[in-house]
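Undergrad: Structure file start-v2.txt (compact mmCIF, C-alpha atoms and all ligand atoms) right here:
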# COMPACT_ATOMS: atom_id res chain seq x y z
CA MET M 1 21.54 -21.98 -15.65
CA ALA M 2 18.24 -20.59 -14.34
CA LYS M 3 17.99 -19.46 -10.75
CA ILE M 4 15.08 -19.69 -8.37
CA ALA M 5 14.34 -16.68 -6.17
CA PRO M 6 11.80 -17.77 -3.56
CA SER M 7 9.45 -14.96 -2.51
CA VAL M 8 9.36 -14.87 1.26
CA LEU M 9 5.80 -13.58 1.00
CA GLY M 10 4.84 -17.23 0.43
CA ALA M 11 6.54 -18.41 3.66
CA ASP M 12 4.88 -19.35 6.93
CA PHE M 13 5.68 -16.27 9.02
CA SER M 14 5.02 -18.08 12.28
CA ARG M 15 8.13 -20.15 11.40
CA LEU M 16 10.12 -17.57 9.47
CA GLY M 17 13.51 -18.67 10.82
CA GLU M 18 12.93 -22.29 9.82
CA GLU M 19 11.59 -21.27 6.41
CA ILE M 20 14.73 -19.23 5.65
CA LYS M 21 16.96 -22.04 6.91
CA SER M 22 15.13 -24.54 4.74
CA ALA M 23 15.64 -22.31 1.68
CA ASP M 24 19.35 -22.10 2.50
CA GLU M 25 19.61 -25.85 2.90
CA ALA M 26 17.77 -26.38 -0.38
CA GLY M 27 20.55 -24.47 -2.17
CA VAL M 28 18.73 -21.17 -2.71
CA GLU M 29 21.11 -18.32 -3.59
CA VAL M 30 18.60 -15.48 -4.00
CA LEU M 31 15.64 -14.55 -1.78
CA HIS M 32 12.99 -12.22 -3.20
CA LEU M 33 11.47 -9.82 -0.65
CA ASP M 34 8.17 -8.18 -1.60
CA ILE M 35 7.60 -4.80 0.01
CA MET M 36 4.09 -3.33 -0.35
CA ASP M 37 2.84 0.02 0.87
CA GLY M 38 -0.96 -0.30 0.61
CA HIS M 39 -0.90 2.51 -1.94
CA PHE M 40 1.02 1.43 -5.02
CA VAL M 41 -0.65 -1.96 -4.50
CA PRO M 42 -3.76 -2.84 -2.49
CA ASN M 43 -1.84 -4.78 0.15
CA ILE M 44 0.73 -4.20 2.91
CA SER M 45 3.55 -6.65 3.58
CA PHE M 46 6.64 -5.91 5.67
CA GLY M 47 9.40 -3.34 5.99
CA PRO M 48 13.12 -2.94 6.71
CA ALA M 49 12.96 -4.51 10.19
CA ILE M 50 11.92 -7.88 8.73
CA VAL M 51 14.51 -7.56 5.95
CA LYS M 52 17.15 -7.03 8.63
CA THR M 53 15.92 -10.09 10.52
CA ILE M 54 16.13 -12.18 7.32
CA ASP M 55 19.61 -10.81 6.59
CA LYS M 56 20.80 -12.12 9.96
CA LEU M 57 19.41 -15.58 9.16
CA THR M 58 20.98 -16.14 5.73
CA GLY M 59 23.90 -15.39 3.48
CA ALA M 60 21.61 -15.43 0.41
CA PHE M 61 21.47 -12.47 -1.95
CA LEU M 62 18.53 -10.31 -0.80
CA ASP M 63 16.55 -9.10 -3.81
CA VAL M 64 14.18 -6.40 -2.57
CA HIS M 65 11.14 -5.63 -4.75
CA LEU M 66 9.65 -2.27 -3.77
CA MET M 67 5.97 -1.95 -4.63
CA LEU M 68 5.89 1.58 -3.29
CA THR M 69 4.64 4.90 -4.63
CA GLU M 70 7.76 6.72 -3.40
CA PRO M 71 10.43 4.02 -3.37
CA GLU M 72 13.38 6.42 -3.17
CA LYS M 73 12.31 7.52 0.32
CA TYR M 74 13.15 4.02 1.53
CA PHE M 75 16.24 3.14 -0.53
CA GLU M 76 18.63 3.86 2.30
CA ALA M 77 16.57 2.05 4.94
CA PHE M 78 16.49 -1.13 2.86
CA VAL M 79 20.19 -0.92 2.02
CA ASP M 80 20.97 -0.53 5.73
CA ALA M 81 18.72 -3.51 6.43
CA GLY M 82 20.85 -5.71 4.11
CA ALA M 83 19.34 -5.45 0.61
CA ASP M 84 21.73 -6.55 -2.15
CA SER M 85 19.51 -5.32 -4.98
CA ILE M 86 16.59 -2.93 -5.03
CA THR M 87 13.93 -2.96 -7.72
CA PHE M 88 11.33 -0.23 -8.15
CA HIS M 89 8.49 0.15 -10.62
CA TYR M 90 8.80 1.96 -13.96
CA LYS M 91 5.22 3.23 -13.46
CA VAL M 92 6.29 5.49 -10.55
CA HIS M 93 9.51 6.65 -12.27
CA PRO M 94 9.19 6.57 -16.06
CA GLU M 95 12.46 8.53 -16.17
CA PRO M 96 14.30 6.04 -13.99
CA GLN M 97 17.98 6.81 -14.53
CA PRO M 98 18.50 9.22 -11.56
CA TYR M 99 17.03 6.63 -9.22
CA ALA M 100 19.32 3.95 -10.59
CA GLU M 101 22.22 6.31 -9.89
CA GLN M 102 21.04 6.83 -6.31
CA LEU M 103 20.99 3.09 -5.81
CA ARG M 104 24.44 2.64 -7.32
CA LYS M 105 25.81 5.25 -4.91
CA LEU M 106 24.31 3.26 -2.06
CA GLY M 107 26.24 0.23 -3.31
CA VAL M 108 23.43 -2.09 -4.39
CA LYS M 109 22.37 -3.66 -7.68
CA THR M 110 19.60 -1.83 -9.50
CA GLY M 111 16.30 -3.20 -10.75
CA ILE M 112 13.31 -1.93 -12.69
CA SER M 113 9.93 -3.61 -12.99
CA ILE M 114 6.95 -3.41 -15.31
CA ASN M 115 3.41 -4.64 -14.86
CA PRO M 116 1.83 -7.07 -17.33
CA ASP M 117 0.01 -4.28 -19.19
CA VAL M 118 3.10 -2.18 -19.95
CA GLU M 119 4.89 -2.60 -23.26
CA VAL M 120 8.37 -3.92 -22.70
CA ALA M 121 9.66 -1.55 -25.41
CA LYS M 122 9.16 1.34 -22.99
CA VAL M 123 11.69 0.07 -20.52
CA LEU M 124 14.28 -1.38 -22.91
CA PRO M 125 16.11 1.92 -23.62
CA HIS M 126 16.74 2.29 -19.86
CA LEU M 127 18.18 -1.17 -19.29
CA GLU M 128 21.80 -0.11 -19.58
CA HIS M 129 21.33 1.48 -16.12
CA PHE M 130 19.86 -1.61 -14.54
CA ASP M 131 21.27 -4.94 -13.37
CA LEU M 132 17.81 -6.50 -13.18
CA LEU M 133 14.63 -6.32 -15.23
CA LEU M 134 11.66 -7.67 -13.26
CA LEU M 135 8.81 -8.61 -15.57
CA MET M 136 5.60 -9.03 -13.60
CA SER M 137 3.56 -12.02 -14.73
CA VAL M 138 0.69 -11.10 -12.37
CA TYR M 139 -0.60 -7.73 -11.23
CA PRO M 140 1.45 -7.04 -8.10
CA GLY M 141 -0.11 -7.10 -4.66
CA PHE M 142 -0.70 -10.73 -3.78
CA GLY M 143 0.98 -14.10 -3.96
CA GLY M 144 -0.85 -17.12 -5.34
CA GLN M 145 -2.25 -15.54 -8.53
CA LYS M 146 -2.42 -17.13 -11.98
CA PHE M 147 0.46 -16.65 -14.46
CA ILE M 148 -0.45 -14.23 -17.27
CA ARG M 149 0.72 -16.04 -20.41
CA PRO M 150 1.13 -13.11 -22.83
CA VAL M 151 4.11 -12.09 -20.67
CA LEU M 152 6.05 -14.88 -22.43
CA SER M 153 6.40 -12.78 -25.57
CA LYS M 154 7.69 -9.85 -23.49
CA ILE M 155 10.36 -12.07 -22.01
CA MET M 156 11.44 -12.98 -25.56
CA GLU M 157 11.48 -9.35 -26.61
CA ALA M 158 13.61 -8.35 -23.63
CA ARG M 159 15.95 -11.32 -24.18
CA ASN M 160 16.49 -10.38 -27.84
CA TYR M 161 17.21 -6.76 -26.95
CA ILE M 162 19.64 -7.60 -24.14
CA ASP M 163 21.54 -10.13 -26.25
CA LYS M 164 21.67 -7.85 -29.27
CA LYS M 165 22.95 -4.91 -27.20
CA GLY M 166 25.42 -7.10 -25.34
CA ILE M 167 24.32 -5.75 -21.95
CA LYS M 168 24.28 -7.81 -18.78
CA THR M 169 20.80 -7.11 -17.35
CA ILE M 170 19.29 -10.17 -15.70
CA ILE M 171 15.68 -10.98 -16.62
CA GLN M 172 13.52 -11.94 -13.65
CA VAL M 173 9.92 -13.05 -13.95
CA ASP M 174 7.58 -12.70 -10.98
CA GLY M 175 4.15 -14.12 -10.32
CA GLY M 176 2.30 -17.40 -10.75
CA ILE M 177 5.37 -19.46 -11.64
CA ASP M 178 5.38 -23.15 -10.77
CA ARG M 179 6.50 -26.46 -12.22
CA SER M 180 3.83 -26.35 -14.90
CA ASN M 181 5.22 -23.22 -16.58
CA ALA M 182 8.82 -22.75 -15.32
CA ALA M 183 10.36 -24.47 -18.36
CA GLU M 184 8.63 -22.23 -20.89
CA VAL M 185 9.48 -19.11 -18.86
CA VAL M 186 13.15 -20.08 -19.02
CA LYS M 187 12.87 -21.06 -22.67
CA ALA M 188 11.48 -17.59 -23.42
CA GLY M 189 14.66 -16.13 -21.93
CA ALA M 190 14.24 -15.62 -18.17
CA ASP M 191 17.33 -15.90 -15.92
CA TRP M 192 15.73 -15.80 -12.47
CA LEU M 193 12.30 -17.17 -11.54
CA VAL M 194 10.55 -15.69 -8.52
CA MET M 195 8.43 -18.37 -6.84
CA GLY M 196 6.44 -17.77 -3.67
CA THR M 197 3.57 -20.22 -3.36
CA ALA M 198 5.28 -22.91 -5.43
CA PHE M 199 8.51 -22.85 -3.40
CA PHE M 200 7.15 -22.53 0.13
CA GLY M 201 4.30 -24.92 -0.65
CA CYS M 202 6.72 -27.59 -1.87
CA ASP M 203 7.77 -30.38 0.47
CA ASN M 204 10.88 -31.31 -1.52
CA ARG M 205 12.54 -27.93 -1.85
CA PRO M 206 16.08 -29.16 -2.69
CA GLU M 207 14.67 -31.12 -5.62
CA LEU M 208 12.72 -28.08 -6.87
CA VAL M 209 15.86 -25.91 -6.72
CA LYS M 210 17.76 -28.55 -8.74
CA TYR M 211 14.93 -28.78 -11.26
CA ILE M 212 14.97 -25.01 -11.84
CA ASN M 213 18.78 -24.86 -11.96
CA ASN M 214 18.80 -27.52 -14.67
CA LEU M 215 16.30 -25.78 -16.94
C1 LIG C 301 3.34 -10.14 -6.22
C2 LIG C 301 4.77 -10.36 -5.76
C3 LIG C 301 5.30 -11.72 -6.09
C4 LIG C 301 4.52 -12.85 -5.53
C5 LIG C 301 5.03 -14.17 -6.00
O1 LIG C 301 2.97 -8.87 -5.84
O2 LIG C 301 5.63 -9.41 -6.34
O3 LIG C 301 6.67 -11.82 -5.76
O4 LIG C 301 4.46 -12.82 -4.15
O5 LIG C 301 4.25 -15.15 -5.44
P1 LIG C 301 3.61 -16.36 -6.28
O6 LIG C 301 4.75 -17.18 -6.73
O7 LIG C 301 2.75 -17.01 -5.27
O8 LIG C 301 2.84 -15.76 -7.42
ZN ZN C 302 7.88 -9.60 -6.23
Take the structure in this file and express it as structure tokens.
Ligand code: DX5
Ligand code: ZN
TA:
Amino acid sequence: MAKIAPSVLGADFSRLGEEIKSADEAGVEVLHLDIMDGHFVPNISFGPAIVKTIDKLTGAFLDVHLMLTEPEKYFEAFVDAGADSITFHYKVHPEPQPYAEQLRKLGVKTGISINPDVEVAKVLPHLEHFDLLLLMSVYPGFGGQKFIRPVLSKIMEARNYIDKKGIKTIIQVDGGIDRSNAAEVVKAGADWLVMGTAFFGCDNRPELVKYINNL
């Protein structure tokens, strides 16, 4: 069963409480929270205070995606704010194991992410230390971008590796996913689909959650 992980970046922040409630009521189990520092990516989003606010509003699993140059400086702050998993980028820590260990000690699930231009083979040998592999299907920084199709073959490559090794890492795909491509993303081997614009722009959210769950 595929899971949808709505990216709160796509929500209407003037009605954040209602948006989170509506995700809950639609049956969402995972919320994806995009944290940007204006340095690793050319945009700034929100920090631990907003994560804490969201944590108070929902019982959903909070999947925190750190687009930060020095993610480890903020691990503890996001864990204290209610993060259930923390994902950082391979590009800032190409030897990622010690950072995965730091996160484990803090009691959260661990995630690693690669941009669309990075070969998936680089990250595969590290996956035994990670609960989540976040494959970017856009260049991070902004919601509402177009899905980069060659990422489909990376999903397949990661799926084959994970299944062959018998490890449990969850494959997440992030960026430009909507109804037009969700089925092929799942077919390629994704477990969780991050959807910002497509989820928060949808007026029948329960139906969209069911559609993704049934893929
Ligand atoms: C991009 C973020 C994504 C993005 C998803 O930097 O990591 O999570 O907001 O939004 P959509 O679904 O609009 O591409
Ligand atoms: Zn993200």
Undergrad: Interatomic distance between CA of Val194 in chain M and CA of Gln172 in chain M?
TA: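 For CA of Val194 in chain M relative to CA of Gln172 in chain M, the distance reads 7.0 Å.
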Undergrad: One decimal, Å: what's the distance from CA of Phe142 in chain M over to atom C2 of ligand LIG 301 (chain C), could you say?
TA: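 Pair CA of Phe142 in chain M / atom C2 of ligand LIG 301 (chain C) returns 5.8 Å.
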Undergrad: For a quick check of understanding, using all atoms listed in the file, which of M:Lys56, M:Lys109, M:His39, M:Lys146 has the smallest distance to Thr69 in chain M?
TA: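 Checking each of M:Lys56, M:Lys109, M:His39, M:Lys146 against Thr69 in chain M, counting all atoms listed in the file, the winner is M:His39.
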Undergrad: List every protein, DNA or RNA residue that has an atom no more than 6 Å from (14.8, 2.0, -6.4) in the file's coordinate frame, counting all atoms listed in the file, and report them as a VMD selection string.
TA: chain M and resid 71 to 72 86 to 88 99
Undergrad: Could you please extract the residues within 8 Å of ligand ZN 302 (chain C), counting only C-alpha atoms and all ligand atoms, and hand them back as a PDB file with C-alpha atoms, in the coordinates of the input?
TA:
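That gives us selection-v6.pdb:
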ATOM      1  CA  SER M   7       9.450 -14.960  -2.510  1.00  0.00           C
ATOM      2  CA  HIS M  32      12.990 -12.220  -3.200  1.00  0.00           C
ATOM      3  CA  LEU M  33      11.470  -9.820  -0.650  1.00  0.00           C
ATOM      4  CA  ASP M  34       8.170  -8.180  -1.600  1.00  0.00           C
ATOM      5  CA  ILE M  35       7.600  -4.800   0.010  1.00  0.00           C
ATOM      6  CA  VAL M  64      14.180  -6.400  -2.570  1.00  0.00           C
ATOM      7  CA  HIS M  65      11.140  -5.630  -4.750  1.00  0.00           C
ATOM      8  CA  LEU M  66       9.650  -2.270  -3.770  1.00  0.00           C
ATOM      9  CA  MET M 136       5.600  -9.030 -13.600  1.00  0.00           C
ATOM     10  CA  PRO M 140       1.450  -7.040  -8.100  1.00  0.00           C
ATOM     11  CA  ASP M 174       7.580 -12.700 -10.980  1.00  0.00           C
ATOM     12  CA  GLY M 175       4.150 -14.120 -10.320  1.00  0.00           C
ATOM     13  CA  VAL M 194      10.550 -15.690  -8.520  1.00  0.00           C
TER      14      VAL M 194
END
Undergrad: Quick one: residues within 10 Å of ligand LIG 301 (chain C), with all atoms listed in the file, as a VMD selection string?
TA: chain M and resid 5 to 11 32 to 36 41 to 43 45 64 to 67 113 115 134 to 147 173 to 178 193 to 201
Undergrad: Separation of CA of Ala77 in chain M and CA of Leu103 in chain M, in Å?
TA: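 Spanning CA of Ala77 in chain M to CA of Leu103 in chain M is a straight-line distance of 11.7 Å.
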Undergrad: Of the candidates M:Glu19, M:Val28, M:Leu215, M:Val209, which shows the shortest atom-to-atom distance to Glu184 in chain M, using all atoms listed in the file?
TA: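 Among the listed residues, M:Leu215 lies closest to Glu184 in chain M.
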Undergrad: Name the closest residue to Ser153 in chain M among the candidates M:Asp63, M:Glu119, M:Asp24, M:Glu128; distances are taken between atoms, counting only C-alpha atoms.
TA: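 Closest to Ser153 in chain M, using only C-alpha atoms: M:Glu119.
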Undergrad: Counting all atoms listed in the file, find the residues whose atoms lie at most 8 Å from (5.3, 3.1, -9.6) (file coordinates) and write them out as a list of chain:residue names.
TA: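 Using all atoms listed in the file, the matching residues come out as M:Phe40, M:Met67, M:Leu68, M:Thr69, M:Glu70, M:Phe88, M:His89, M:Tyr90, M:Lys91, M:Val92, M:His93.
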Undergrad: Would you please work out which residue, of M:Arg179, M:Ala188, M:Lys165, M:Leu132, is nearest to Leu152 in chain M when using all atoms listed in the file?
TA: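 Under the stated criterion, the closest residue is M:Ala188.
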Undergrad: Step by step: locate range 11-46 of chain M in the block above, keep N, CA and C atoms, then write the file as a CSV table (one decimal), in the first residue's frame.
TA:
chain,number,residue,atom,x,y,z
M,11,ALA,N,0.4,24.2,1.9
M,11,ALA,CA,-0.8,24.6,2.6
M,11,ALA,C,-1.0,26.1,2.5
M,12,ASP,N,-2.2,26.5,2.9
M,12,ASP,CA,-2.5,27.9,3.0
M,12,ASP,C,-2.2,28.3,4.5
M,13,PHE,N,-1.1,29.0,4.7
M,13,PHE,CA,-0.6,29.3,6.0
M,13,PHE,C,-1.5,30.2,6.8
M,14,SER,N,-2.4,30.9,6.1
M,14,SER,CA,-3.3,31.8,6.9
M,14,SER,C,-4.4,30.9,7.6
M,15,ARG,N,-4.5,29.7,7.1
M,15,ARG,CA,-5.4,28.7,7.7
M,15,ARG,C,-4.8,27.4,8.1
M,16,LEU,N,-3.6,27.5,8.7
M,16,LEU,CA,-2.8,26.3,8.9
M,16,LEU,C,-3.5,25.3,9.8
M,17,GLY,N,-4.1,25.7,10.8
M,17,GLY,CA,-4.9,24.8,11.7
M,17,GLY,C,-5.9,24.0,10.9
M,18,GLU,N,-6.7,24.7,10.1
M,18,GLU,CA,-7.7,24.0,9.3
M,18,GLU,C,-7.1,23.1,8.3
M,19,GLU,N,-6.0,23.5,7.7
M,19,GLU,CA,-5.3,22.6,6.7
M,19,GLU,C,-4.9,21.3,7.3
M,20,ILE,N,-4.3,21.4,8.5
M,20,ILE,CA,-3.8,20.2,9.2
M,20,ILE,C,-5.0,19.3,9.6
M,21,LYS,N,-6.0,19.9,10.1
M,21,LYS,CA,-7.2,19.2,10.5
M,21,LYS,C,-7.8,18.5,9.3
M,22,SER,N,-7.8,19.2,8.2
M,22,SER,CA,-8.4,18.6,7.0
M,22,SER,C,-7.5,17.4,6.5
M,23,ALA,N,-6.2,17.5,6.6
M,23,ALA,CA,-5.4,16.3,6.3
M,23,ALA,C,-5.7,15.2,7.2
M,24,ASP,N,-5.8,15.4,8.5
M,24,ASP,CA,-6.1,14.4,9.5
M,24,ASP,C,-7.4,13.7,9.1
M,25,GLU,N,-8.4,14.5,8.8
M,25,GLU,CA,-9.8,14.0,8.5
M,25,GLU,C,-9.8,13.2,7.2
M,26,ALA,N,-8.8,13.6,6.3
M,26,ALA,CA,-8.8,12.9,5.0
M,26,ALA,C,-8.1,11.5,5.2
M,27,GLY,N,-7.5,11.2,6.3
M,27,GLY,CA,-6.9,9.9,6.6
M,27,GLY,C,-5.4,9.9,6.4
M,28,VAL,N,-4.8,11.1,6.4
M,28,VAL,CA,-3.3,11.2,6.2
M,28,VAL,C,-2.6,10.7,7.4
M,29,GLU,N,-1.6,9.9,7.3
M,29,GLU,CA,-0.8,9.4,8.4
M,29,GLU,C,0.5,10.0,8.5
M,30,VAL,N,1.0,10.6,7.4
M,30,VAL,CA,2.4,11.2,7.5
M,30,VAL,C,2.3,12.6,6.9
M,31,LEU,N,2.9,13.6,7.6
M,31,LEU,CA,3.0,14.9,7.1
M,31,LEU,C,4.5,15.2,6.8
M,32,HIS,N,4.7,15.8,5.6
M,32,HIS,CA,6.1,16.1,5.2
M,32,HIS,C,6.4,17.6,5.5
M,33,LEU,N,7.4,17.9,6.2
M,33,LEU,CA,7.7,19.3,6.6
M,33,LEU,C,9.0,19.7,6.0
M,34,ASP,N,8.9,20.7,5.1
M,34,ASP,CA,10.1,21.1,4.3
M,34,ASP,C,10.8,22.3,5.0
M,35,ILE,N,12.0,22.1,5.4
M,35,ILE,CA,12.8,23.1,6.2
M,35,ILE,C,13.9,23.6,5.3
M,36,MET,N,13.9,24.9,5.0
M,36,MET,CA,14.9,25.5,4.0
M,36,MET,C,15.6,26.6,4.7
M,37,ASP,N,16.9,26.7,4.4
M,37,ASP,CA,17.7,27.7,5.1
M,37,ASP,C,18.2,28.9,4.3
M,38,GLY,N,17.8,28.9,3.0
M,38,GLY,CA,18.2,30.1,2.2
M,38,GLY,C,19.7,30.0,1.8
M,39,HIS,N,20.3,28.8,2.0
M,39,HIS,CA,21.7,28.6,1.7
M,39,HIS,C,21.9,27.3,1.0
M,40,PHE,N,21.4,26.2,1.5
M,40,PHE,CA,21.4,24.9,0.8
M,40,PHE,C,20.5,25.0,-0.4
M,41,VAL,N,19.4,25.7,-0.2
M,41,VAL,CA,18.5,26.0,-1.3
M,41,VAL,C,18.1,27.5,-1.3
M,42,PRO,N,17.7,28.0,-2.5
M,42,PRO,CA,17.5,29.4,-2.6
M,42,PRO,C,16.1,29.8,-2.1
M,43,ASN,N,15.7,29.4,-0.9
M,43,ASN,CA,14.4,29.7,-0.4
M,43,ASN,C,14.5,29.5,1.1
M,44,ILE,N,13.6,30.1,1.9
M,44,ILE,CA,13.5,30.0,3.3
M,44,ILE,C,12.1,29.6,3.6
M,45,SER,N,11.9,28.6,4.5
M,45,SER,CA,10.5,28.2,4.8
M,45,SER,C,10.2,28.5,6.3
M,46,PHE,N,10.3,27.4,7.1
M,46,PHE,CA,9.9,27.6,8.5
M,46,PHE,C,10.8,26.8,9.4
